[in-house]
Every structure is written in C-alpha cells, then in structure tokens.
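Source file structure-v5.cif; content: mmCIF, C-alpha atoms.
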data_structure
#
loop_
_atom_site.group_PDB
_atom_site.id
_atom_site.type_symbol
_atom_site.label_atom_id
_atom_site.label_comp_id
_atom_site.auth_asym_id
_atom_site.auth_seq_id
_atom_site.Cartn_x
_atom_site.Cartn_y
_atom_site.Cartn_z
ATOM 1 C CA MET F 1 0.026 6.113 12.708
ATOM 2 C CA LYS F 2 -2.636 4.420 14.799
ATOM 3 C CA LEU F 3 -5.471 2.965 12.751
ATOM 4 C CA GLN F 4 -8.911 3.920 13.925
ATOM 5 C CA HIS F 5 -12.142 2.301 12.804
ATOM 6 C CA ASP F 6 -13.276 3.518 9.350
ATOM 7 C CA THR F 7 -9.817 4.722 8.238
ATOM 8 C CA LEU F 8 -9.669 5.691 4.546
ATOM 9 C CA ILE F 9 -6.260 5.475 2.863
ATOM 10 C CA GLY F 10 -6.054 6.906 -0.649
ATOM 11 C CA MET F 11 -3.537 5.729 -3.253
ATOM 12 C CA VAL F 12 -1.296 8.030 -5.246
ATOM 13 C CA HIS F 13 0.321 6.075 -8.065
ATOM 14 C CA VAL F 14 3.514 8.031 -8.686
ATOM 15 C CA GLY F 15 4.326 8.448 -12.395
ATOM 16 C CA ALA F 16 6.878 6.213 -14.095
ATOM 17 C CA LEU F 17 10.256 7.098 -12.625
ATOM 18 C CA PRO F 18 13.564 7.614 -14.487
ATOM 19 C CA GLY F 19 15.086 4.507 -15.991
ATOM 20 C CA THR F 20 11.854 2.498 -16.093
ATOM 21 C CA PRO F 21 10.312 1.301 -19.384
ATOM 22 C CA LYS F 22 7.530 3.897 -19.294
ATOM 23 C CA GLY F 23 9.681 6.666 -17.794
ATOM 24 C CA GLY F 24 10.649 9.883 -19.542
ATOM 25 C CA GLU F 25 8.922 12.689 -17.664
ATOM 26 C CA ALA F 26 10.948 15.131 -15.607
ATOM 27 C CA VAL F 27 10.951 14.304 -11.910
ATOM 28 C CA ASP F 28 9.489 17.754 -11.154
ATOM 29 C CA THR F 29 6.483 16.923 -13.345
ATOM 30 C CA ILE F 30 6.008 13.560 -11.630
ATOM 31 C CA VAL F 31 6.234 15.156 -8.197
ATOM 32 C CA ASP F 32 3.823 17.986 -9.046
ATOM 33 C CA ARG F 33 1.195 15.493 -10.214
ATOM 34 C CA ALA F 34 1.611 13.406 -7.068
ATOM 35 C CA VAL F 35 1.120 16.499 -4.923
ATOM 36 C CA GLN F 36 -2.035 17.496 -6.833
ATOM 37 C CA GLU F 37 -3.541 14.031 -6.433
ATOM 38 C CA ALA F 38 -2.645 13.809 -2.749
ATOM 39 C CA ALA F 39 -4.130 17.249 -2.103
ATOM 40 C CA LEU F 40 -7.378 16.186 -3.780
ATOM 41 C CA LEU F 41 -7.628 13.146 -1.511
ATOM 42 C CA ASP F 42 -6.709 15.130 1.592
ATOM 43 C CA GLU F 43 -9.294 17.817 0.884
ATOM 44 C CA ALA F 44 -11.960 15.188 0.149
ATOM 45 C CA GLY F 45 -11.585 13.694 3.618
ATOM 46 C CA PHE F 46 -9.171 10.771 3.346
ATOM 47 C CA ASP F 47 -7.343 9.929 6.557
ATOM 48 C CA ALA F 48 -3.988 9.013 5.007
ATOM 49 C CA ILE F 49 -2.152 8.903 1.678
ATOM 50 C CA LEU F 50 -0.110 5.969 0.327
ATOM 51 C CA LEU F 51 2.417 6.606 -2.452
ATOM 52 C CA GLU F 52 3.361 3.705 -4.727
ATOM 53 C CA ASN F 53 5.526 3.422 -7.854
ATOM 54 C CA MET F 54 3.035 1.259 -9.744
ATOM 55 C CA HIS F 55 3.757 2.923 -13.109
ATOM 56 C CA ASP F 56 7.282 1.463 -12.972
ATOM 57 C CA VAL F 57 5.959 -1.877 -14.305
ATOM 58 C CA PRO F 58 7.570 -4.337 -14.970
ATOM 59 C CA TYR F 59 9.141 -4.241 -11.524
ATOM 60 C CA LEU F 60 12.518 -5.168 -10.168
ATOM 61 C CA LEU F 61 12.494 -7.719 -7.366
ATOM 62 C CA ARG F 62 13.514 -6.298 -3.959
ATOM 63 C CA ASN F 63 16.531 -4.302 -5.197
ATOM 64 C CA VAL F 64 15.504 -1.149 -7.049
ATOM 65 C CA GLY F 65 18.019 1.406 -8.259
ATOM 66 C CA PRO F 66 19.028 4.601 -6.466
ATOM 67 C CA GLU F 67 17.108 6.607 -9.082
ATOM 68 C CA ILE F 68 13.866 4.962 -7.867
ATOM 69 C CA VAL F 69 14.652 5.661 -4.227
ATOM 70 C CA ALA F 70 15.553 9.271 -5.098
ATOM 71 C CA GLY F 71 12.378 9.783 -7.121
ATOM 72 C CA MET F 72 10.166 8.322 -4.411
ATOM 73 C CA THR F 73 11.925 10.447 -1.814
ATOM 74 C CA ALA F 74 11.270 13.603 -3.839
ATOM 75 C CA ALA F 75 7.591 12.712 -4.274
ATOM 76 C CA THR F 76 7.079 11.649 -0.663
ATOM 77 C CA MET F 77 8.731 14.733 0.780
ATOM 78 C CA ALA F 78 6.667 17.049 -1.422
ATOM 79 C CA VAL F 79 3.404 15.266 -0.582
ATOM 80 C CA ARG F 80 4.271 15.155 3.105
ATOM 81 C CA GLN F 81 4.706 18.943 3.081
ATOM 82 C CA ALA F 82 1.493 19.527 1.109
ATOM 83 C CA VAL F 83 -1.065 17.519 3.083
ATOM 84 C CA GLN F 84 -2.266 17.436 6.678
ATOM 85 C CA VAL F 85 -2.723 13.664 6.944
ATOM 86 C CA PRO F 86 -0.196 10.838 7.478
ATOM 87 C CA VAL F 87 1.738 9.640 4.441
ATOM 88 C CA GLY F 88 2.971 6.127 3.660
ATOM 89 C CA VAL F 89 5.261 4.550 1.071
ATOM 90 C CA GLN F 90 5.328 1.362 -0.982
ATOM 91 C CA ILE F 91 8.128 0.603 -3.427
ATOM 92 C CA LEU F 92 7.507 -2.243 -5.844
ATOM 93 C CA ALA F 93 8.333 -4.967 -5.911
ATOM 94 C CA GLY F 94 8.982 -5.916 -2.317
ATOM 95 C CA ALA F 95 11.572 -3.179 -1.856
ATOM 96 C CA ASN F 96 10.536 -2.782 1.756
ATOM 97 C CA ARG F 97 13.824 -1.558 3.182
ATOM 98 C CA ALA F 98 13.993 1.122 0.505
ATOM 99 C CA ALA F 99 10.439 2.190 1.359
ATOM 100 C CA LEU F 100 11.356 2.286 5.047
ATOM 101 C CA ALA F 101 14.333 4.537 4.324
ATOM 102 C CA VAL F 102 12.189 6.893 2.241
ATOM 103 C CA ALA F 103 9.459 7.069 4.890
ATOM 104 C CA HIS F 104 11.982 7.635 7.665
ATOM 105 C CA ALA F 105 13.751 10.425 5.769
ATOM 106 C CA CYS F 106 10.515 12.172 4.792
ATOM 107 C CA GLY F 107 8.532 11.899 8.013
ATOM 108 C CA GLY F 108 6.286 9.174 6.632
ATOM 109 C CA SER F 109 4.128 7.214 9.052
ATOM 110 C CA PHE F 110 3.905 3.741 7.509
ATOM 111 C CA ILE F 111 4.991 1.456 4.704
ATOM 112 C CA ARG F 112 3.177 -1.298 2.852
ATOM 113 C CA ALA F 113 5.399 -4.378 2.730
ATOM 114 C CA GLU F 114 5.266 -7.297 0.305
ATOM 115 C CA GLY F 115 6.979 -10.583 1.068
ATOM 116 C CA PHE F 116 7.146 -9.766 4.764
ATOM 117 C CA SER F 117 6.527 -13.357 5.817
ATOM 118 C CA TYR F 118 6.463 -16.713 4.031
ATOM 119 C CA ALA F 119 7.414 -17.274 0.375
ATOM 120 C CA THR F 120 5.423 -16.661 -2.781
ATOM 121 C CA VAL F 121 5.814 -16.692 -6.549
ATOM 122 C CA ALA F 122 4.990 -13.253 -7.892
ATOM 123 C CA ASP F 123 4.934 -11.917 -11.445
ATOM 124 C CA GLU F 124 8.349 -10.433 -10.630
ATOM 125 C CA GLY F 125 9.690 -13.866 -9.695
ATOM 126 C CA LEU F 126 10.245 -15.855 -6.529
ATOM 127 C CA LEU F 127 9.950 -13.994 -3.243
ATOM 128 C CA GLY F 128 11.724 -16.828 -1.534
ATOM 129 C CA GLU F 129 13.045 -15.135 1.583
ATOM 130 C CA ALA F 130 10.765 -13.430 4.093
ATOM 131 C CA ASP F 131 11.766 -9.834 4.755
ATOM 132 C CA ALA F 132 10.515 -9.510 8.335
ATOM 133 C CA GLY F 133 13.837 -10.184 10.050
ATOM 134 C CA PRO F 134 16.022 -7.842 7.969
ATOM 135 C CA LEU F 135 13.315 -5.173 7.697
ATOM 136 C CA LEU F 136 12.521 -4.895 11.402
ATOM 137 C CA ARG F 137 16.224 -4.937 12.286
ATOM 138 C CA GLU F 138 16.742 -2.073 9.849
ATOM 139 C CA ARG F 139 13.854 -0.169 11.440
ATOM 140 C CA ALA F 140 15.468 -0.641 14.849
ATOM 141 C CA ARG F 141 18.880 0.407 13.531
ATOM 142 C CA LEU F 142 17.473 3.607 12.039
ATOM 143 C CA GLY F 143 15.271 4.343 15.033
ATOM 144 C CA ALA F 144 12.452 4.828 12.521
ATOM 145 C CA ASP F 145 8.985 5.565 13.880
ATOM 146 C CA VAL F 146 7.332 3.905 10.877
ATOM 147 C CA LYS F 147 4.583 1.277 10.998
ATOM 148 C CA VAL F 148 4.863 -1.811 8.794
ATOM 149 C CA TRP F 149 1.615 -3.035 7.241
ATOM 150 C CA ALA F 150 2.229 -6.372 5.552
ATOM 151 C CA ASP F 151 0.359 -8.035 2.716
ATOM 152 C CA VAL F 152 -0.938 -11.547 3.321
ATOM 153 C CA GLN F 153 -1.010 -13.485 0.036
ATOM 154 C CA LYS F 154 0.423 -10.734 -2.162
ATOM 155 C CA LYS F 155 -1.579 -9.785 -5.261
ATOM 156 C CA HIS F 156 -0.468 -10.922 -8.724
ATOM 157 C CA SER F 157 1.063 -14.049 -7.227
ATOM 158 C CA ALA F 158 0.724 -17.816 -6.973
ATOM 159 C CA HIS F 159 0.515 -19.272 -3.480
ATOM 160 C CA ALA F 160 1.085 -22.990 -3.981
ATOM 161 C CA LEU F 161 4.174 -22.801 -1.766
ATOM 162 C CA THR F 162 1.935 -22.015 1.203
ATOM 163 C CA GLY F 163 -1.106 -23.900 -0.034
ATOM 164 C CA ASP F 164 -1.275 -26.028 3.111
ATOM 165 C CA LEU F 165 -1.879 -22.925 5.244
ATOM 166 C CA SER F 166 -5.158 -21.018 5.440
ATOM 167 C CA VAL F 167 -5.294 -17.248 5.086
ATOM 168 C CA VAL F 168 -5.987 -17.081 8.815
ATOM 169 C CA GLU F 169 -2.850 -19.084 9.595
ATOM 170 C CA LEU F 170 -0.786 -16.919 7.244
ATOM 171 C CA ALA F 171 -2.151 -13.771 8.887
ATOM 172 C CA LYS F 172 -1.410 -15.129 12.366
ATOM 173 C CA GLY F 173 2.125 -15.938 11.258
ATOM 174 C CA THR F 174 2.560 -12.465 9.808
ATOM 175 C CA ALA F 175 1.428 -10.932 13.099
ATOM 176 C CA PHE F 176 3.796 -13.244 14.986
ATOM 177 C CA MET F 177 6.674 -12.025 12.808
ATOM 178 C CA GLY F 178 6.059 -8.464 13.977
ATOM 179 C CA ALA F 179 3.833 -6.719 11.444
ATOM 180 C CA ASP F 180 1.885 -3.730 12.775
ATOM 181 C CA GLY F 181 -1.079 -4.546 10.543
ATOM 182 C CA VAL F 182 -2.075 -7.121 7.928
ATOM 183 C CA ILE F 183 -3.449 -6.343 4.471
ATOM 184 C CA LEU F 184 -5.890 -8.647 2.673
ATOM 185 C CA THR F 185 -6.590 -8.279 -1.050
ATOM 186 C CA GLY F 186 -8.165 -9.853 -4.077
ATOM 187 C CA ALA F 187 -6.084 -11.717 -6.645
ATOM 188 C CA SER F 188 -5.004 -8.588 -8.523
ATOM 189 C CA THR F 189 -5.269 -4.798 -8.489
ATOM 190 C CA GLY F 190 -8.904 -3.717 -8.401
ATOM 191 C CA CYS F 191 -10.232 -7.192 -7.545
ATOM 192 C CA ARG F 192 -12.571 -7.453 -4.587
ATOM 193 C CA THR F 193 -11.392 -8.867 -1.298
ATOM 194 C CA ASP F 194 -13.253 -11.772 0.290
ATOM 195 C CA LEU F 195 -14.967 -10.172 3.285
ATOM 196 C CA GLU F 196 -15.579 -13.527 4.918
ATOM 197 C CA GLN F 197 -11.802 -13.971 5.027
ATOM 198 C CA VAL F 198 -11.512 -10.499 6.514
ATOM 199 C CA HIS F 199 -13.952 -11.433 9.290
ATOM 200 C CA ARG F 200 -12.032 -14.606 10.097
ATOM 201 C CA VAL F 201 -8.656 -12.885 10.121
ATOM 202 C CA ARG F 202 -9.885 -10.028 12.285
ATOM 203 C CA ASP F 203 -11.155 -12.526 14.845
ATOM 204 C CA ALA F 204 -7.814 -14.348 14.841
ATOM 205 C CA VAL F 205 -5.138 -11.643 14.999
ATOM 206 C CA GLY F 206 -4.562 -8.921 17.536
ATOM 207 C CA ILE F 207 -3.437 -6.259 15.070
ATOM 208 C CA PRO F 208 -5.336 -4.065 12.598
ATOM 209 C CA VAL F 209 -6.744 -5.671 9.444
ATOM 210 C CA ILE F 210 -6.713 -3.580 6.274
ATOM 211 C CA VAL F 211 -8.490 -4.322 2.989
ATOM 212 C CA GLY F 212 -6.162 -3.427 0.133
ATOM 213 C CA SER F 213 -8.035 -3.945 -3.132
ATOM 214 C CA GLY F 214 -11.411 -3.857 -4.821
ATOM 215 C CA VAL F 215 -13.210 -1.402 -2.542
ATOM 216 C CA ASP F 216 -15.586 1.071 -4.177
ATOM 217 C CA ALA F 217 -18.446 3.339 -3.153
ATOM 218 C CA THR F 218 -20.917 0.437 -3.179
ATOM 219 C CA THR F 219 -18.852 -1.804 -0.882
ATOM 220 C CA VAL F 220 -16.964 0.541 1.405
ATOM 221 C CA LYS F 221 -19.505 0.511 4.253
ATOM 222 C CA ALA F 222 -19.697 -3.282 4.350
ATOM 223 C CA THR F 223 -15.914 -3.503 4.156
ATOM 224 C CA LEU F 224 -15.372 -1.089 7.019
ATOM 225 C CA ALA F 225 -17.836 -3.089 9.110
ATOM 226 C CA CYS F 226 -15.235 -5.859 9.300
ATOM 227 C CA ALA F 227 -11.908 -4.126 8.574
ATOM 228 C CA HIS F 228 -10.099 -1.365 10.441
ATOM 229 C CA ALA F 229 -9.158 0.450 7.229
ATOM 230 C CA VAL F 230 -9.306 0.354 3.441
ATOM 231 C CA ILE F 231 -6.674 1.227 0.862
ATOM 232 C CA VAL F 232 -8.357 2.432 -2.317
ATOM 233 C CA GLY F 233 -6.992 3.452 -5.701
ATOM 234 C CA SER F 234 -8.667 2.104 -8.845
ATOM 235 C CA SER F 235 -12.247 3.072 -8.010
ATOM 236 C CA LEU F 236 -11.165 6.707 -7.502
ATOM 237 C CA LYS F 237 -9.752 6.952 -11.022
ATOM 238 C CA VAL F 238 -11.257 7.855 -14.388
ATOM 239 C CA ASP F 239 -13.059 4.757 -15.732
ATOM 240 C CA GLY F 240 -12.091 2.898 -12.557
ATOM 241 C CA HIS F 241 -8.618 1.992 -13.845
ATOM 242 C CA TRP F 242 -5.550 2.432 -11.657
ATOM 243 C CA SER F 243 -3.402 3.950 -14.419
ATOM 244 C CA ASN F 244 -5.718 6.914 -15.017
ATOM 245 C CA THR F 245 -5.864 10.206 -13.157
ATOM 246 C CA HIS F 246 -8.169 10.728 -10.201
ATOM 247 C CA ASP F 247 -11.814 11.534 -10.894
ATOM 248 C CA ALA F 248 -12.885 14.240 -8.424
ATOM 249 C CA ASP F 249 -16.519 13.121 -8.568
ATOM 250 C CA ALA F 250 -15.582 9.505 -7.873
ATOM 251 C CA VAL F 251 -13.420 10.604 -4.949
ATOM 252 C CA LYS F 252 -16.315 12.573 -3.470
ATOM 253 C CA ARG F 253 -18.777 9.702 -3.980
ATOM 254 C CA PHE F 254 -16.444 7.308 -2.218
ATOM 255 C CA VAL F 255 -15.942 9.510 0.837
ATOM 256 C CA ASP F 256 -19.650 10.326 1.037
ATOM 257 C CA ALA F 257 -20.499 6.613 0.895
ATOM 258 C CA ALA F 258 -17.952 5.778 3.609
ATOM 259 C CA ARG F 259 -19.081 8.527 5.964
ATOM 260 C CA CYS F 260 -22.866 8.291 5.539
#
Render the structure in this file as structure tokens.
Amino acid sequence: MKLQHDTLIGMVHVGALPGTPKGGEAVDTIVDRAVQEAALLDEAGFDAILLENMHDVPYLLRNVGPEIVAGMTAATMAVRQAVQVPVGVQILAGANRAALAVAHACGGSFIRAEGFSYATVADEGLLGEADAGPLLRERARLGADVKVWADVQKKHSAHALTGDLSVVELAKGTAFMGADGVILTGASTGCRTDLEQVHRVRDAVGIPVIVGSGVDATTVKATLACAHAVIVGSSLKVDGHWSNTHDADAVKRFVDAARC
C-alpha cells in the first residue's frame, strides 16, 4: 500500500480472543462484529482498515499463542473479503512476525510494528531486542508484499533507555533500519500527538509519517497538513472510548472534517 497525502486509516479493535482474560465469545461472533465495523468505515470513506487485538489486554510480550494468530487470521480474512480498501494487521504486544504471517496469508497490505528499533520499557515488560532484523528477514523469506509501519516511542511505555536521543533521531534510526513508514503517537491510546514533532520528523526522514493517536474531527485537518496519514480509533467510538462500538455519526463527522 502506497500512502498518499490525506490517507485515513480506521481502527477495528477485534473482540477479546479465545484464552484471553476477557475472552469467551465465539470466534464467529467476534469476526462478524469486525466485518460490520470495517464495512462501516469503508462505506464512510476511509482509505484503509487496521485490525488490532486490543481487547486481549493484558498482553503477552512478542510471543502470542496459536489461538490468537488463528483468531486474527479469521477476522482479517473475513474483513479483507468484505471491504474494497487495503487491510492491515497489528498483534499486541509487539508480535510483529505473527502479524506479518497473518497479513501475508490474508492478502493484507501492511502491519503496524512495535519494538521495531531500539529498546523500550512497555506495560508488557522490556522490549529489549529490536525486531527489525528478524522481521524483515522473515518478510524476505516469505516473499510477503506487506509494508511495515513502525512506531517511534511506543505508547504506554517509558523511554528512559533512549532518553539521550530525540524523537527525530529515533525516527531517522527507524527509517535506517528499513521501516516503510514511521508512526508518531501521544503517550497512550487516545492522547494527542505533538504536531511540532510530526513536522520535524517529516522534514528529517524520507519515508511516510503517520500519526497514530489522538486525532479527532477537530484536529484531523491540521494533522494531515503535516502527516501523510492518520490512524484513528477512539474518536470514532461511542463516548470517544476505544473499547466501545463505532458511532456512525462520529465516523461521518470525522470523514467530513477530513475531506472538507
């Protein structure tokens, strides 16, 4: 997937999968809901859909079970067949090679990767080994035509380990390590991203810059003035909370604000 200016990427937070603390629904039910939400975003005018297993909280670090991979594969394949826009995958936490395998098997276009470069301390624990080398070798081995968009300073994390590097330097390093795009966020889900940082990073790296949190109908135009794309979830939901279902009116307001 090639990012164009003003690209809107809508989040589908797949329901809690089997074996997770909040799990219990049948996979068919989880998949049907994901398809309904993706179809709403597609019909509203979003340019791409990103599926993420956020309801699986608390997350496993890097190595998720086969039941998670199977559930995400079922959801991704069904969404991919239901919508006309590109589909991406993120598997928390930092399970980038699993996400790559799911995207490759389902005809997905991109993944969102945590812990791609540098080390960080996340709420799941220490992401002490950068995943760029193993991940990109696995992409080459599979022959997967899947873009890797990598988070810079992952949300819900402490960054003292890289405190002597600016966000610009971290983004440049992430681009050097082979990411196809860099994602900038606020400190946690739903928190606004510093647009001044976005400006500086865009001027410094030669790959697309994506804003991955805190965008709503009031900020989307200003955000897209300095970023190639936005990933949006919380502000499209009932009461603006990521765990709720999509609000059709909020979805429409967001797209209208972005396209006006």
| Distance atom CA of F:Met54-atom CA of F:His13, one decimal place? |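 So the two atoms, atom CA of F:Met54 and atom CA of F:His13, lie 5.8 Å apart.
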| Quick one: which residues end up in the PyMOL selection byres ((chain F and resi 42) around 10) for this structure, as a ChimeraX atom specification? | /F:9-10,36-41,43-49,82-86
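One finds atom CA of F:Ile91 at 18.7 Å from atom CA of F:Glu25.
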| said: Report as a ChimeraX atom specification all protein, DNA and RNA residues lying within 10 Å of F:Val182, evaluated on all atoms listed in the file, omitting residues in the same chain fewer than 5 positions from it. | reply: /F:112-113,148-152,170-172,174-175,201-202,205,207-212
Okay, now the selection with C-alpha atoms, as a short mmCIF file (atom, residue, chain, number, x, y, z; two decimals), keeping the file's coordinate frame?
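The file below, result-v1.cif, is the result:
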data_model
loop_
_atom_site.label_atom_id
_atom_site.label_comp_id
_atom_site.auth_asym_id
_atom_site.auth_seq_id
_atom_site.Cartn_x
_atom_site.Cartn_y
_atom_site.Cartn_z
CA ARG F 112 3.18 -1.30 2.85
CA ALA F 113 5.40 -4.38 2.73
CA VAL F 148 4.86 -1.81 8.79
CA TRP F 149 1.62 -3.04 7.24
CA ALA F 150 2.23 -6.37 5.55
CA ASP F 151 0.36 -8.04 2.72
CA VAL F 152 -0.94 -11.55 3.32
CA LEU F 170 -0.79 -16.92 7.24
CA ALA F 171 -2.15 -13.77 8.89
CA LYS F 172 -1.41 -15.13 12.37
CA THR F 174 2.56 -12.46 9.81
CA ALA F 175 1.43 -10.93 13.10
CA VAL F 201 -8.66 -12.88 10.12
CA ARG F 202 -9.88 -10.03 12.28
CA VAL F 205 -5.14 -11.64 15.00
CA ILE F 207 -3.44 -6.26 15.07
CA PRO F 208 -5.34 -4.07 12.60
CA VAL F 209 -6.74 -5.67 9.44
CA ILE F 210 -6.71 -3.58 6.27
CA VAL F 211 -8.49 -4.32 2.99
CA GLY F 212 -6.16 -3.43 0.13
#
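Residue neighbourhood of F:Glu124, excluding near-sequence residues (fewer than 4 positions): Pro58, Tyr59, Leu60, Leu61, Ala93 and Ser157 of chain F, at 9 Å, using only C-alpha atoms.
Shortest separation to F:Gly108 among F:Val69, F:Ala26, F:Val79, F:Leu165 occurs at residue F:Val79, atoms counted being all atoms listed in the file.
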| task | Might you pull out every residue within 9 Å of F:Ala103, with all atoms listed in the file counted and same-chain residues fewer than 5 positions away left off, and present them as a PyMOL selection string? | result | chain F and resi 73+76-77+87-89+98+108-111+144+146
| Interatomic distance, atom CA of F:Ala119 to atom CA of F:Gly181 (Å, one decimal) |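 Computing the Euclidean distance for atom CA of F:Ala119 and atom CA of F:Gly181 yields 18.4 Å.
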| request: Please evaluate the PyMOL selection byres ((chain F and resi 227-232) around 8) against the structure above and give the resulting residues as a VMD selection string. | output: chain F and resid 3 to 11 198 to 199 202 208 to 216 220 223 to 226 233 to 236
Please rebuild stretch 163-193 of chain F with N, CA and C atoms and return the result as a PDB file, in the frame of the given file.
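Output below, filename part_14.pdb:
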ATOM      1  N   GLY F 163       0.248 -23.405   0.176  1.00  0.00           N
ATOM      2  CA  GLY F 163      -1.106 -23.900  -0.034  1.00  0.00           C
ATOM      3  C   GLY F 163      -1.659 -24.737   1.098  1.00  0.00           C
ATOM      4  N   ASP F 164      -0.793 -25.230   1.981  1.00  0.00           N
ATOM      5  CA  ASP F 164      -1.275 -26.028   3.111  1.00  0.00           C
ATOM      6  C   ASP F 164      -1.628 -25.168   4.317  1.00  0.00           C
ATOM      7  N   LEU F 165      -1.524 -23.852   4.163  1.00  0.00           N
ATOM      8  CA  LEU F 165      -1.879 -22.925   5.244  1.00  0.00           C
ATOM      9  C   LEU F 165      -3.072 -22.079   4.820  1.00  0.00           C
ATOM     10  N   SER F 166      -4.017 -21.890   5.718  1.00  0.00           N
ATOM     11  CA  SER F 166      -5.158 -21.018   5.440  1.00  0.00           C
ATOM     12  C   SER F 166      -4.726 -19.556   5.515  1.00  0.00           C
ATOM     13  N   VAL F 167      -5.575 -18.684   4.981  1.00  0.00           N
ATOM     14  CA  VAL F 167      -5.294 -17.248   5.086  1.00  0.00           C
ATOM     15  C   VAL F 167      -5.201 -16.826   6.553  1.00  0.00           C
ATOM     16  N   VAL F 168      -6.036 -17.406   7.387  1.00  0.00           N
ATOM     17  CA  VAL F 168      -5.987 -17.081   8.815  1.00  0.00           C
ATOM     18  C   VAL F 168      -4.635 -17.462   9.404  1.00  0.00           C
ATOM     19  N   GLU F 169      -4.140 -18.662   9.070  1.00  0.00           N
ATOM     20  CA  GLU F 169      -2.850 -19.084   9.595  1.00  0.00           C
ATOM     21  C   GLU F 169      -1.728 -18.209   9.066  1.00  0.00           C
ATOM     22  N   LEU F 170      -1.796 -17.816   7.809  1.00  0.00           N
ATOM     23  CA  LEU F 170      -0.786 -16.919   7.244  1.00  0.00           C
ATOM     24  C   LEU F 170      -0.821 -15.552   7.935  1.00  0.00           C
ATOM     25  N   ALA F 171      -2.026 -15.057   8.203  1.00  0.00           N
ATOM     26  CA  ALA F 171      -2.151 -13.771   8.887  1.00  0.00           C
ATOM     27  C   ALA F 171      -1.624 -13.854  10.315  1.00  0.00           C
ATOM     28  N   LYS F 172      -1.921 -14.950  11.004  1.00  0.00           N
ATOM     29  CA  LYS F 172      -1.410 -15.129  12.366  1.00  0.00           C
ATOM     30  C   LYS F 172       0.118 -15.196  12.360  1.00  0.00           C
ATOM     31  N   GLY F 173       0.674 -15.880  11.367  1.00  0.00           N
ATOM     32  CA  GLY F 173       2.125 -15.938  11.258  1.00  0.00           C
ATOM     33  C   GLY F 173       2.735 -14.592  10.960  1.00  0.00           C
ATOM     34  N   THR F 174       2.071 -13.803  10.135  1.00  0.00           N
ATOM     35  CA  THR F 174       2.560 -12.465   9.808  1.00  0.00           C
ATOM     36  C   THR F 174       2.537 -11.568  11.040  1.00  0.00           C
ATOM     37  N   ALA F 175       1.481 -11.686  11.842  1.00  0.00           N
ATOM     38  CA  ALA F 175       1.428 -10.932  13.099  1.00  0.00           C
ATOM     39  C   ALA F 175       2.526 -11.398  14.044  1.00  0.00           C
ATOM     40  N   PHE F 176       2.746 -12.701  14.124  1.00  0.00           N
ATOM     41  CA  PHE F 176       3.796 -13.244  14.986  1.00  0.00           C
ATOM     42  C   PHE F 176       5.169 -12.713  14.588  1.00  0.00           C
ATOM     43  N   MET F 177       5.389 -12.506  13.296  1.00  0.00           N
ATOM     44  CA  MET F 177       6.674 -12.025  12.808  1.00  0.00           C
ATOM     45  C   MET F 177       6.873 -10.531  13.033  1.00  0.00           C
ATOM     46  N   GLY F 178       5.859  -9.838  13.551  1.00  0.00           N
ATOM     47  CA  GLY F 178       6.059  -8.464  13.977  1.00  0.00           C
ATOM     48  C   GLY F 178       5.405  -7.389  13.150  1.00  0.00           C
ATOM     49  N   ALA F 179       4.529  -7.748  12.213  1.00  0.00           N
ATOM     50  CA  ALA F 179       3.833  -6.719  11.444  1.00  0.00           C
ATOM     51  C   ALA F 179       2.933  -5.885  12.356  1.00  0.00           C
ATOM     52  N   ASP F 180       2.768  -4.621  12.018  1.00  0.00           N
ATOM     53  CA  ASP F 180       1.885  -3.730  12.775  1.00  0.00           C
ATOM     54  C   ASP F 180       0.451  -3.787  12.280  1.00  0.00           C
ATOM     55  N   GLY F 181       0.246  -4.364  11.107  1.00  0.00           N
ATOM     56  CA  GLY F 181      -1.079  -4.546  10.543  1.00  0.00           C
ATOM     57  C   GLY F 181      -0.964  -5.513   9.387  1.00  0.00           C
ATOM     58  N   VAL F 182      -2.067  -6.206   9.068  1.00  0.00           N
ATOM     59  CA  VAL F 182      -2.075  -7.121   7.928  1.00  0.00           C
ATOM     60  C   VAL F 182      -3.039  -6.592   6.874  1.00  0.00           C
ATOM     61  N   ILE F 183      -2.660  -6.806   5.600  1.00  0.00           N
ATOM     62  CA  ILE F 183      -3.449  -6.343   4.471  1.00  0.00           C
ATOM     63  C   ILE F 183      -3.959  -7.552   3.701  1.00  0.00           C
ATOM     64  N   LEU F 184      -5.263  -7.603   3.470  1.00  0.00           N
ATOM     65  CA  LEU F 184      -5.890  -8.647   2.673  1.00  0.00           C
ATOM     66  C   LEU F 184      -6.383  -8.040   1.363  1.00  0.00           C
ATOM     67  N   THR F 185      -6.231  -8.796   0.266  1.00  0.00           N
ATOM     68  CA  THR F 185      -6.590  -8.279  -1.050  1.00  0.00           C
ATOM     69  C   THR F 185      -7.283  -9.350  -1.869  1.00  0.00           C
ATOM     70  N   GLY F 186      -7.761  -8.920  -3.048  1.00  0.00           N
ATOM     71  CA  GLY F 186      -8.165  -9.853  -4.077  1.00  0.00           C
ATOM     72  C   GLY F 186      -6.947 -10.354  -4.827  1.00  0.00           C
ATOM     73  N   ALA F 187      -7.187 -11.084  -5.921  1.00  0.00           N
ATOM     74  CA  ALA F 187      -6.084 -11.717  -6.645  1.00  0.00           C
ATOM     75  C   ALA F 187      -5.212 -10.722  -7.398  1.00  0.00           C
ATOM     76  N   SER F 188      -5.772  -9.577  -7.767  1.00  0.00           N
ATOM     77  CA  SER F 188      -5.004  -8.588  -8.523  1.00  0.00           C
ATOM     78  C   SER F 188      -5.560  -7.201  -8.232  1.00  0.00           C
ATOM     79  N   THR F 189      -4.870  -6.185  -8.731  1.00  0.00           N
ATOM     80  CA  THR F 189      -5.269  -4.798  -8.489  1.00  0.00           C
ATOM     81  C   THR F 189      -6.706  -4.568  -8.953  1.00  0.00           C
ATOM     82  N   GLY F 190      -7.515  -3.998  -8.079  1.00  0.00           N
ATOM     83  CA  GLY F 190      -8.904  -3.717  -8.401  1.00  0.00           C
ATOM     84  C   GLY F 190      -9.870  -4.844  -8.113  1.00  0.00           C
ATOM     85  N   CYS F 191      -9.355  -6.050  -7.829  1.00  0.00           N
ATOM     86  CA  CYS F 191     -10.232  -7.192  -7.545  1.00  0.00           C
ATOM     87  C   CYS F 191     -10.731  -7.144  -6.106  1.00  0.00           C
ATOM     88  N   ARG F 192     -11.969  -7.532  -5.912  1.00  0.00           N
ATOM     89  CA  ARG F 192     -12.571  -7.453  -4.587  1.00  0.00           C
ATOM     90  C   ARG F 192     -11.962  -8.452  -3.621  1.00  0.00           C
ATOM     91  N   THR F 193     -11.910  -8.042  -2.380  1.00  0.00           N
ATOM     92  CA  THR F 193     -11.392  -8.867  -1.298  1.00  0.00           C
ATOM     93  C   THR F 193     -12.537  -9.659  -0.684  1.00  0.00           C
TER      94      THR F 193
END
